[in-house]
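File shown: coords_33.cif. Contents: mmCIF, C-alpha atoms and all ligand atoms.
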data_start
loop_
_atom_site.label_atom_id
_atom_site.label_comp_id
_atom_site.auth_asym_id
_atom_site.auth_seq_id
_atom_site.Cartn_x
_atom_site.Cartn_y
_atom_site.Cartn_z
CA MET I 1 -112.55 130.26 -5.57
CA ILE I 2 -115.84 132.03 -6.28
CA ASP I 3 -117.67 130.94 -9.44
CA SER I 4 -118.77 134.24 -11.02
CA LEU I 5 -121.15 132.39 -13.32
CA ALA I 6 -123.23 131.40 -10.29
CA LEU I 7 -123.40 134.96 -8.98
CA PRO I 8 -126.11 137.43 -9.96
CA THR I 9 -125.19 140.42 -12.11
CA ILE I 10 -125.44 143.70 -10.20
CA GLY I 11 -126.35 146.88 -12.07
CA ILE I 12 -125.49 150.16 -10.34
CA LEU I 13 -127.53 153.22 -11.42
CA GLY I 14 -125.24 156.23 -11.04
CA GLY I 15 -122.35 153.80 -10.60
CA THR I 16 -119.96 156.46 -11.89
CA GLY I 17 -120.31 158.41 -8.63
CA LYS I 18 -118.46 158.15 -5.36
CA GLU I 19 -120.61 155.61 -3.50
CA GLY I 20 -121.52 153.58 -6.59
CA LYS I 21 -117.93 153.19 -7.66
CA GLY I 22 -116.94 152.15 -4.12
CA LEU I 23 -119.60 149.43 -4.05
CA ALA I 24 -118.74 148.35 -7.59
CA TYR I 25 -115.10 147.99 -6.57
CA ARG I 26 -116.00 145.83 -3.56
CA TRP I 27 -118.39 143.53 -5.44
CA THR I 28 -116.14 143.23 -8.48
CA LYS I 29 -113.38 142.17 -6.11
CA ALA I 30 -115.72 139.53 -4.67
CA GLY I 31 -116.25 138.11 -8.18
CA TYR I 32 -119.69 139.54 -9.02
CA PRO I 33 -120.37 140.62 -12.60
CA ILE I 34 -121.02 144.38 -12.44
CA LEU I 35 -122.70 146.81 -14.82
CA ILE I 36 -121.83 150.43 -14.09
CA GLY I 37 -124.89 152.48 -15.03
CA SER I 38 -124.80 156.11 -16.10
CA ARG I 39 -126.60 158.70 -18.20
CA SER I 40 -123.46 158.57 -20.35
CA LYS I 41 -122.13 155.26 -21.68
CA GLU I 42 -118.67 156.85 -22.12
CA LYS I 43 -118.58 157.92 -18.47
CA ALA I 44 -119.71 154.44 -17.41
CA ASN I 45 -117.00 152.81 -19.51
CA ALA I 46 -114.40 155.12 -17.98
CA THR I 47 -115.43 154.09 -14.45
CA ALA I 48 -115.37 150.42 -15.42
CA SER I 49 -111.85 150.92 -16.82
CA GLU I 50 -110.76 152.54 -13.54
CA ILE I 51 -111.94 149.48 -11.60
CA ILE I 52 -110.23 147.12 -14.05
CA ALA I 53 -107.04 149.14 -13.56
CA MET I 54 -107.39 148.62 -9.79
CA LEU I 55 -108.25 144.91 -9.88
CA GLY I 56 -106.78 143.59 -13.13
CA SER I 57 -108.32 142.24 -16.30
CA VAL I 58 -110.12 139.36 -14.53
CA ALA I 59 -112.55 141.99 -13.15
CA LYS I 60 -116.01 141.39 -14.63
CA VAL I 61 -117.13 145.00 -14.84
CA GLN I 62 -118.44 147.00 -17.77
CA GLY I 63 -120.19 150.28 -18.48
CA ALA I 64 -123.80 150.67 -19.62
CA SER I 65 -126.60 153.20 -19.78
CA ASN I 66 -128.73 153.22 -16.63
CA HIS I 67 -131.50 151.67 -18.72
CA ASP I 68 -129.34 148.78 -19.95
CA ALA I 69 -127.87 148.22 -16.49
CA ALA I 70 -131.40 147.86 -15.10
CA ARG I 71 -132.47 145.65 -18.02
CA MET I 72 -129.51 143.28 -17.97
CA ALA I 73 -128.81 142.98 -14.24
CA ASN I 74 -130.50 140.64 -11.75
CA ILE I 75 -130.11 143.02 -8.81
CA ILE I 76 -130.13 146.80 -9.25
CA VAL I 77 -128.54 149.28 -6.86
CA ILE I 78 -129.31 153.01 -7.01
CA THR I 79 -126.59 155.46 -5.92
CA VAL I 80 -127.66 158.88 -7.18
CA PRO I 81 -128.19 162.17 -5.31
CA TYR I 82 -131.67 162.50 -3.82
CA SER I 83 -132.50 165.23 -6.36
CA ALA I 84 -132.14 162.61 -9.15
CA HIS I 85 -133.80 159.72 -7.27
CA ARG I 86 -137.39 159.97 -8.59
CA GLU I 87 -136.40 160.73 -12.18
CA THR I 88 -133.87 157.89 -12.31
CA LEU I 89 -136.31 155.34 -10.83
CA LEU I 90 -139.07 156.38 -13.24
CA SER I 91 -136.68 156.04 -16.18
CA VAL I 92 -135.98 152.36 -15.40
CA LYS I 93 -139.23 151.29 -13.71
CA SER I 94 -140.30 148.88 -16.45
CA GLU I 95 -136.88 147.19 -16.41
CA LEU I 96 -137.04 146.58 -12.65
CA GLN I 97 -140.20 144.44 -12.64
CA GLY I 98 -139.70 141.20 -10.69
CA LYS I 99 -136.23 142.25 -9.54
CA LEU I 100 -134.64 143.52 -6.34
CA LEU I 101 -133.74 147.20 -6.05
CA ILE I 102 -131.27 148.19 -3.33
CA ASP I 103 -131.64 151.88 -2.52
CA VAL I 104 -128.62 153.69 -1.05
CA THR I 105 -130.16 157.17 -1.38
CA VAL I 106 -130.15 159.62 1.51
CA PRO I 107 -132.56 162.58 1.23
CA LEU I 108 -130.02 165.13 2.41
CA ASN I 109 -131.16 168.71 2.71
CA LEU I 110 -128.16 170.34 1.07
CA SER I 111 -128.73 173.71 2.76
CA LYS I 112 -128.77 171.99 6.20
CA ILE I 113 -126.92 168.77 5.63
CA THR I 114 -126.46 167.96 9.34
CA GLN I 115 -130.18 168.17 10.09
CA VAL I 116 -132.48 165.23 9.37
CA GLN I 117 -135.27 166.11 6.97
CA MET I 118 -137.38 163.34 5.48
CA PRO I 119 -139.65 163.62 2.42
CA PRO I 120 -143.45 163.36 2.81
CA ALA I 121 -143.42 159.59 2.12
CA GLY I 122 -141.30 159.11 5.26
CA SER I 123 -137.97 158.35 3.61
CA ALA I 124 -136.31 158.04 0.22
CA ALA I 125 -136.88 154.28 0.42
CA GLN I 126 -140.62 154.68 0.99
CA GLU I 127 -140.72 157.09 -1.94
CA ALA I 128 -139.04 154.41 -4.05
CA VAL I 129 -141.75 151.93 -3.05
CA GLU I 130 -144.45 154.48 -3.96
CA ILE I 131 -142.79 155.26 -7.31
CA LEU I 132 -142.18 151.63 -8.28
CA GLY I 133 -145.38 150.02 -6.99
CA PRO I 134 -145.88 146.31 -6.33
CA GLY I 135 -143.83 143.78 -8.27
CA ILE I 136 -140.46 145.25 -7.33
CA ASP I 137 -138.81 144.30 -4.05
CA VAL I 138 -137.00 147.23 -2.45
CA ALA I 139 -134.24 146.99 0.16
CA THR I 140 -131.99 149.66 1.62
CA ALA I 141 -128.36 149.49 2.75
CA PHE I 142 -125.03 151.35 2.84
CA GLN I 143 -126.55 154.80 3.60
CA ASN I 144 -124.14 155.20 6.55
CA ILE I 145 -120.89 154.08 4.93
CA SER I 146 -118.50 156.58 3.40
CA TYR I 147 -117.30 155.82 -0.13
CA GLU I 148 -113.75 156.46 1.04
CA LEU I 149 -113.89 153.34 3.22
CA LEU I 150 -115.24 151.26 0.35
CA LEU I 151 -112.20 152.10 -1.75
CA GLN I 152 -109.69 151.27 1.01
CA GLU I 153 -108.16 147.88 1.67
CA LYS I 154 -108.38 148.15 5.47
CA PRO I 155 -111.17 146.31 7.39
CA ILE I 156 -114.24 148.54 7.63
CA ASP I 157 -115.11 149.60 11.18
CA CYS I 158 -118.78 150.22 10.44
CA ASP I 159 -121.84 147.97 10.34
CA ILE I 160 -124.61 148.10 7.76
CA LEU I 161 -128.31 148.24 8.63
CA VAL I 162 -130.54 146.60 6.02
CA THR I 163 -134.27 147.23 5.64
CA GLY I 164 -136.60 145.88 3.00
CA THR I 165 -140.09 145.18 1.75
CA SER I 166 -139.62 141.42 2.29
CA LYS I 167 -137.46 139.00 4.22
CA ASP I 168 -136.11 137.71 0.90
CA ALA I 169 -135.05 141.23 -0.14
CA ARG I 170 -133.24 141.73 3.17
CA THR I 171 -131.57 138.30 3.03
CA LYS I 172 -130.23 138.86 -0.50
CA THR I 173 -129.01 142.33 0.48
CA LEU I 174 -127.32 141.02 3.62
CA GLY I 175 -125.46 138.55 1.36
CA LEU I 176 -124.15 141.49 -0.67
CA VAL I 177 -123.12 143.31 2.51
CA THR I 178 -121.05 140.28 3.50
CA ALA I 179 -119.62 140.02 -0.02
CA ALA I 180 -118.54 143.66 0.24
CA GLY I 181 -116.61 142.82 3.42
CA MET I 182 -118.93 144.32 6.04
CA VAL I 183 -121.19 143.12 8.83
CA GLY I 184 -124.88 143.56 8.12
CA TRP I 185 -127.93 143.54 10.38
CA ASP I 186 -131.53 142.91 9.41
CA ALA I 187 -133.11 146.20 10.53
CA GLY I 188 -136.61 145.17 9.53
CA ALA I 189 -139.34 146.69 7.40
CA ILE I 190 -138.65 149.34 4.77
CA GLU I 191 -140.39 151.91 7.02
CA ASN I 192 -137.37 151.59 9.35
CA SER I 193 -135.17 153.08 6.64
CA MET I 194 -136.18 156.57 7.79
CA VAL I 195 -134.05 156.02 10.89
CA VAL I 196 -131.10 154.67 8.93
CA GLU I 197 -131.26 157.48 6.36
CA GLY I 198 -131.54 160.01 9.20
CA LEU I 199 -128.42 158.66 10.90
CA THR I 200 -126.37 159.87 7.93
CA SER I 201 -126.93 163.52 8.84
CA ILE I 202 -125.73 162.78 12.37
CA LEU I 203 -122.59 161.08 11.02
CA ILE I 204 -121.94 164.07 8.74
CA ARG I 205 -122.28 166.33 11.79
CA ILE I 206 -119.74 164.24 13.71
CA ASN I 207 -117.41 164.28 10.70
CA LYS I 208 -117.63 168.06 10.51
CA LYS I 209 -117.06 168.53 14.24
CA LEU I 210 -114.02 166.23 14.27
CA GLY I 211 -112.65 167.25 10.88
CA ILE I 212 -112.82 163.65 9.61
CA SER I 213 -114.64 162.02 6.70
CA HIS I 214 -115.85 158.59 7.66
CA ALA I 215 -117.54 158.24 11.06
CA GLY I 216 -119.71 155.11 11.18
CA PHE I 217 -121.96 153.00 13.39
CA ARG I 218 -121.33 149.60 14.94
CA ILE I 219 -123.86 147.36 16.73
CA THR I 220 -122.30 146.29 20.03
CA GLY I 221 -123.13 143.78 22.77
CA THR I 222 -123.66 140.97 20.28
CA SER I 223 -120.31 139.19 20.35
CA GLU I 224 -121.76 135.85 21.48
CA LYS I 225 -124.36 135.84 18.74
CA GLU I 226 -124.14 135.58 14.99
CA SER I 227 -124.02 138.75 12.94
CA SER I 228 -125.77 139.22 9.60
CA ILE I 229 -129.09 138.20 11.20
N1 LIG A 301 -120.69 159.62 -0.99
C1 LIG A 301 -120.85 158.88 0.10
O1 LIG A 301 -119.91 158.63 0.86
C2 LIG A 301 -122.23 158.34 0.43
C3 LIG A 301 -122.36 157.54 1.56
C4 LIG A 301 -123.61 156.99 1.85
C5 LIG A 301 -124.71 157.25 1.05
N2 LIG A 301 -124.54 158.06 -0.04
C6 LIG A 301 -125.72 158.33 -0.88
O2 LIG A 301 -125.51 157.70 -2.13
C7 LIG A 301 -126.07 158.50 -3.18
C8 LIG A 301 -124.96 158.83 -4.18
O3 LIG A 301 -123.98 159.61 -3.52
P1 LIG A 301 -122.62 159.99 -4.27
O4 LIG A 301 -121.80 160.75 -3.31
O5 LIG A 301 -122.05 158.79 -4.95
O6 LIG A 301 -123.20 160.99 -5.40
P2 LIG A 301 -122.49 161.64 -6.64
O7 LIG A 301 -121.10 161.10 -6.78
O8 LIG A 301 -122.66 163.12 -6.53
O9 LIG A 301 -123.42 161.18 -7.86
C9 LIG A 301 -123.57 159.81 -8.20
C10 LIG A 301 -124.01 159.71 -9.65
O10 LIG A 301 -125.36 160.13 -9.78
C11 LIG A 301 -125.56 160.55 -11.13
N3 LIG A 301 -126.27 161.84 -11.12
C12 LIG A 301 -125.87 163.02 -10.59
N4 LIG A 301 -126.77 163.98 -10.80
C13 LIG A 301 -127.77 163.41 -11.50
C14 LIG A 301 -128.99 163.90 -12.05
N5 LIG A 301 -129.38 165.17 -11.90
N6 LIG A 301 -129.78 163.02 -12.72
C15 LIG A 301 -129.40 161.73 -12.88
N7 LIG A 301 -128.24 161.21 -12.38
C16 LIG A 301 -127.44 162.04 -11.70
C17 LIG A 301 -124.19 160.75 -11.77
O11 LIG A 301 -124.00 159.71 -12.70
P3 LIG A 301 -123.94 159.98 -14.30
O12 LIG A 301 -123.55 161.41 -14.51
O13 LIG A 301 -122.88 159.03 -14.72
O14 LIG A 301 -125.29 159.65 -14.80
C18 LIG A 301 -123.24 160.61 -10.59
O15 LIG A 301 -122.00 160.04 -10.96
C19 LIG A 301 -126.66 159.76 -2.52
O16 LIG A 301 -128.05 159.60 -2.34
C20 LIG A 301 -125.92 159.82 -1.19
O17 LIG A 301 -126.66 160.47 -0.18
C21 LIG A 301 -123.33 158.61 -0.37
#

Take the structure in the file and give it back as structure tokens.
Ligand SMILES: NC(=O)c1ccc[n+]([C@@H]2O[C@H](COP(=O)([O-])OP(=O)(O)OC[C@H]3O[C@@H](n4cnc5c(N)ncnc54)[C@H](OP(=O)(O)O)[C@@H]3O)[C@@H](O)[C@H]2O)c1
Amino acid sequence: MIDSLALPTIGILGGTGKEGKGLAYRWTKAGYPILIGSRSKEKANATASEIIAMLGSVAKVQGASNHDAARMANIIVITVPYSAHRETLLSVKSELQGKLLIDVTVPLNLSKITQVQMPPAGSAAQEAVEILGPGIDVATAFQNISYELLLQEKPIDCDILVTGTSKDARTKTLGLVTAAGMVGWDAGAIENSMVVEGLTSILIRINKKLGISHAGFRITGTSEKESSI
């Protein structure tokens, strides 16, 4: 049995949305204490109640403002649309000092969603590093996994590529990938996130072509070696 007291608290900025709720569900199920962050405490509480309804009253999940989620959590995950990325990070910057931020943001160009278009910094993740400055470790993960899969009980046929500003950031994030029931791969420096973020547009294109909603990637040819490297 997992001892929740020994697990870090995860705060999810924009945790009321599709991807944030999916991740919150997975980590709550794994025993992590979760703070659902939102601009509206009422909305956050409603999402927390939905997860409790799915998992039962033992679920350690509660709603909070984004600010309080960032202040009270040990690890902070951001799952907001790209248009809200900068503003949300700036609003919690002082609360993130000395902590790990996991960025799930994809800078989708909503008028051409199937075409990769990165911001001047190189990627949303590199923008996060620029916005936050030194003193905050940034990792990226889950940009290629559909929220629909996160909310299903079936095994997830999709691997997760993890980048980060330090080995420690990537290792902690890989632990959370495993806890969420997926296979993770250390994809290296945060600069590599531009590739991972870009892959999302290609997956959306495949989804549109096939009329499906959750195409994903899997690293192959590694069966004799350990995953989550
Ligand atoms: N959906 C997926 O399957 C998926 C998969 C991989 C990656 N992603 C990435 O994950 C991120 C979140 O995607 P999503 O589909 O979960 O988004 P979403 O449901 O549209 O929005 C997530 C949350 O962001 C907050 N938000 C929305 N507009 C905002 C604004 N203008 N300012 C501040 N906060 C705002 C809202 O929370 P409050 O109103 O409660 O504050 C909302 O519930 C995106 O960057 C997306 O590209 C999504």

Point out the residue among I:His85, I:Lys29, I:Arg218, I:His67 with the least atom-to-atom distance to ligand LIG 301 (chain A), counting only C-alpha atoms and all ligand atoms.
->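 Answer, going by the shortest atom-to-atom distance: I:His85.
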
Within-6 Å residues of ligand LIG 301 (chain A), basis only C-alpha atoms and all ligand atoms, as a PDB file with C-alpha atoms, in the frame of the given file:
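Output saved as out02.pdb:
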ATOM      1  CA  GLY I  14    -125.240 156.230 -11.040  1.00  0.00           C
ATOM      2  CA  THR I  16    -119.960 156.460 -11.890  1.00  0.00           C
ATOM      3  CA  GLY I  17    -120.310 158.410  -8.630  1.00  0.00           C
ATOM      4  CA  LYS I  18    -118.460 158.150  -5.360  1.00  0.00           C
ATOM      5  CA  GLU I  19    -120.610 155.610  -3.500  1.00  0.00           C
ATOM      6  CA  GLY I  20    -121.520 153.580  -6.590  1.00  0.00           C
ATOM      7  CA  SER I  38    -124.800 156.110 -16.100  1.00  0.00           C
ATOM      8  CA  ARG I  39    -126.600 158.700 -18.200  1.00  0.00           C
ATOM      9  CA  SER I  40    -123.460 158.570 -20.350  1.00  0.00           C
ATOM     10  CA  LYS I  43    -118.580 157.920 -18.470  1.00  0.00           C
ATOM     11  CA  THR I  79    -126.590 155.460  -5.920  1.00  0.00           C
ATOM     12  CA  VAL I  80    -127.660 158.880  -7.180  1.00  0.00           C
ATOM     13  CA  PRO I  81    -128.190 162.170  -5.310  1.00  0.00           C
ATOM     14  CA  TYR I  82    -131.670 162.500  -3.820  1.00  0.00           C
ATOM     15  CA  ALA I  84    -132.140 162.610  -9.150  1.00  0.00           C
ATOM     16  CA  THR I  88    -133.870 157.890 -12.310  1.00  0.00           C
ATOM     17  CA  VAL I 104    -128.620 153.690  -1.050  1.00  0.00           C
ATOM     18  CA  THR I 105    -130.160 157.170  -1.380  1.00  0.00           C
ATOM     19  CA  VAL I 106    -130.150 159.620   1.510  1.00  0.00           C
ATOM     20  CA  PHE I 142    -125.030 151.350   2.840  1.00  0.00           C
ATOM     21  CA  GLN I 143    -126.550 154.800   3.600  1.00  0.00           C
ATOM     22  CA  ASN I 144    -124.140 155.200   6.550  1.00  0.00           C
ATOM     23  CA  ILE I 145    -120.890 154.080   4.930  1.00  0.00           C
ATOM     24  CA  SER I 146    -118.500 156.580   3.400  1.00  0.00           C
ATOM     25  CA  TYR I 147    -117.300 155.820  -0.130  1.00  0.00           C
TER      26      TYR I 147
END

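Here atom CA of I:Ala30 stands at a distance of 16.3 Å from atom CA of I:Val77.
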
Check your understanding: If you count only C-alpha atoms, which residues fall within 8 Å of I:Asp103, apart from same-chain ones fewer than 4 positions away, as a list in words?
Key ->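 Residues meeting the cut-off are Val77, Ile78, Thr79, Ala125, Ala128, Val138, Ala139, Thr140 and Ala141 of chain I.
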
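For the set I:Val92, I:Met182, I:Leu7, I:Val129, the residue with the smallest atom-to-atom gap to I:Lys60 is I:Leu7, counting all atoms listed in the file.
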
Practice task
Within 10 Å of I:Leu132, counting only C-alpha atoms, which residues show up once you throw out same-chain ones fewer than 2 positions away? Write them as a list in words, please.
Solution key: Arg86, Leu89, Leu90, Val92, Lys93, Ser94, Leu96, Gln97, Leu101, Gln126, Glu127, Ala128, Val129, Glu130, Pro134, Gly135, Ile136, Asp137 and Val138 of chain I

Just how far from atom CA of I:Leu35 is atom CA of I:Gln62, in Å to one decimal?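 Atom-to-atom, atom CA of I:Gln62 to atom CA of I:Leu35, that is 5.2 Å.
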
Residue with the minimum atom-to-atom distance to I:Leu149, picked from I:Ser201, I:Ser166, I:Asn109, I:Ser213 with all atoms listed in the file counted, is I:Ser213

- Task: Please check which residues have atoms at most 8 Å from (-131.1, 166.3, 11.8) in the file's coordinates, counting all atoms listed in the file, and write them as a ChimeraX atom specification.
- Result: /I:113-117,198,201-202

Please compute the atom CA of I:Ile12-atom CA of I:Lys154 distance, one decimal, in Å.
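Here the two named atoms are 23.4 Å from each other.
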
Counting all atoms listed in the file, the residue of I:Asp157, I:Glu87, I:Asp186, I:Asp68 that sits nearest I:Ile10: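 Looking only at the distances to I:Ile10, the closest residue turns out to be I:Asp68.
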
Who sits within 6 Å of I:Gly11, all atoms listed in the file, same chain under 5 positions skipped, as a compact mmCIF listing (two decimals) with C-alpha atoms, in the frame of the given file:
# COMPACT_ATOMS: atom_id res chain seq x y z
CA ILE I 34 -121.02 144.38 -12.44
CA LEU I 35 -122.70 146.81 -14.82
CA ALA I 69 -127.87 148.22 -16.49
CA ALA I 70 -131.40 147.86 -15.10
CA ALA I 73 -128.81 142.98 -14.24
CA ILE I 76 -130.13 146.80 -9.25

Counting all atoms listed in the file, which residues come within 10 Å of (-116.5, 160.8, 8.8), with the point read in the file's coordinates, and could you list them as a list in words?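 Within the cut-off we find Asn144, Ile145, Ser146, Glu148, Leu149, Thr200, Leu203, Ile204, Arg205, Ile206, Asn207, Lys208, Lys209, Leu210, Gly211, Ile212, Ser213, His214, Ala215 and Gly216 of chain I.
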
Requested in this report: Return the single residue from I:Arg71, I:Ala180, I:Tyr25, I:Glu197 that is closest to I:Ile52, with distances computed using only C-alpha atoms.
Outcome: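 Result for the nearest residue to I:Ile52: I:Tyr25.
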
Spatial neighbours of I:Glu50, 12 Å, only C-alpha atoms, chain gap at least 5 places, as a PyMOL selection string: chain I and resi 16+21-22+24-25+28+36+43-45+55-57+59+61-63+151

Centre and size of axis-aligned box enclosing stretch 100-117 of chain I plus 5 Å each side, as JSON:
{"center_x": -130.9, "center_y": 158.6, "center_z": 1.9, "size_x": 18.8, "size_y": 40.2, "size_z": 26.4}
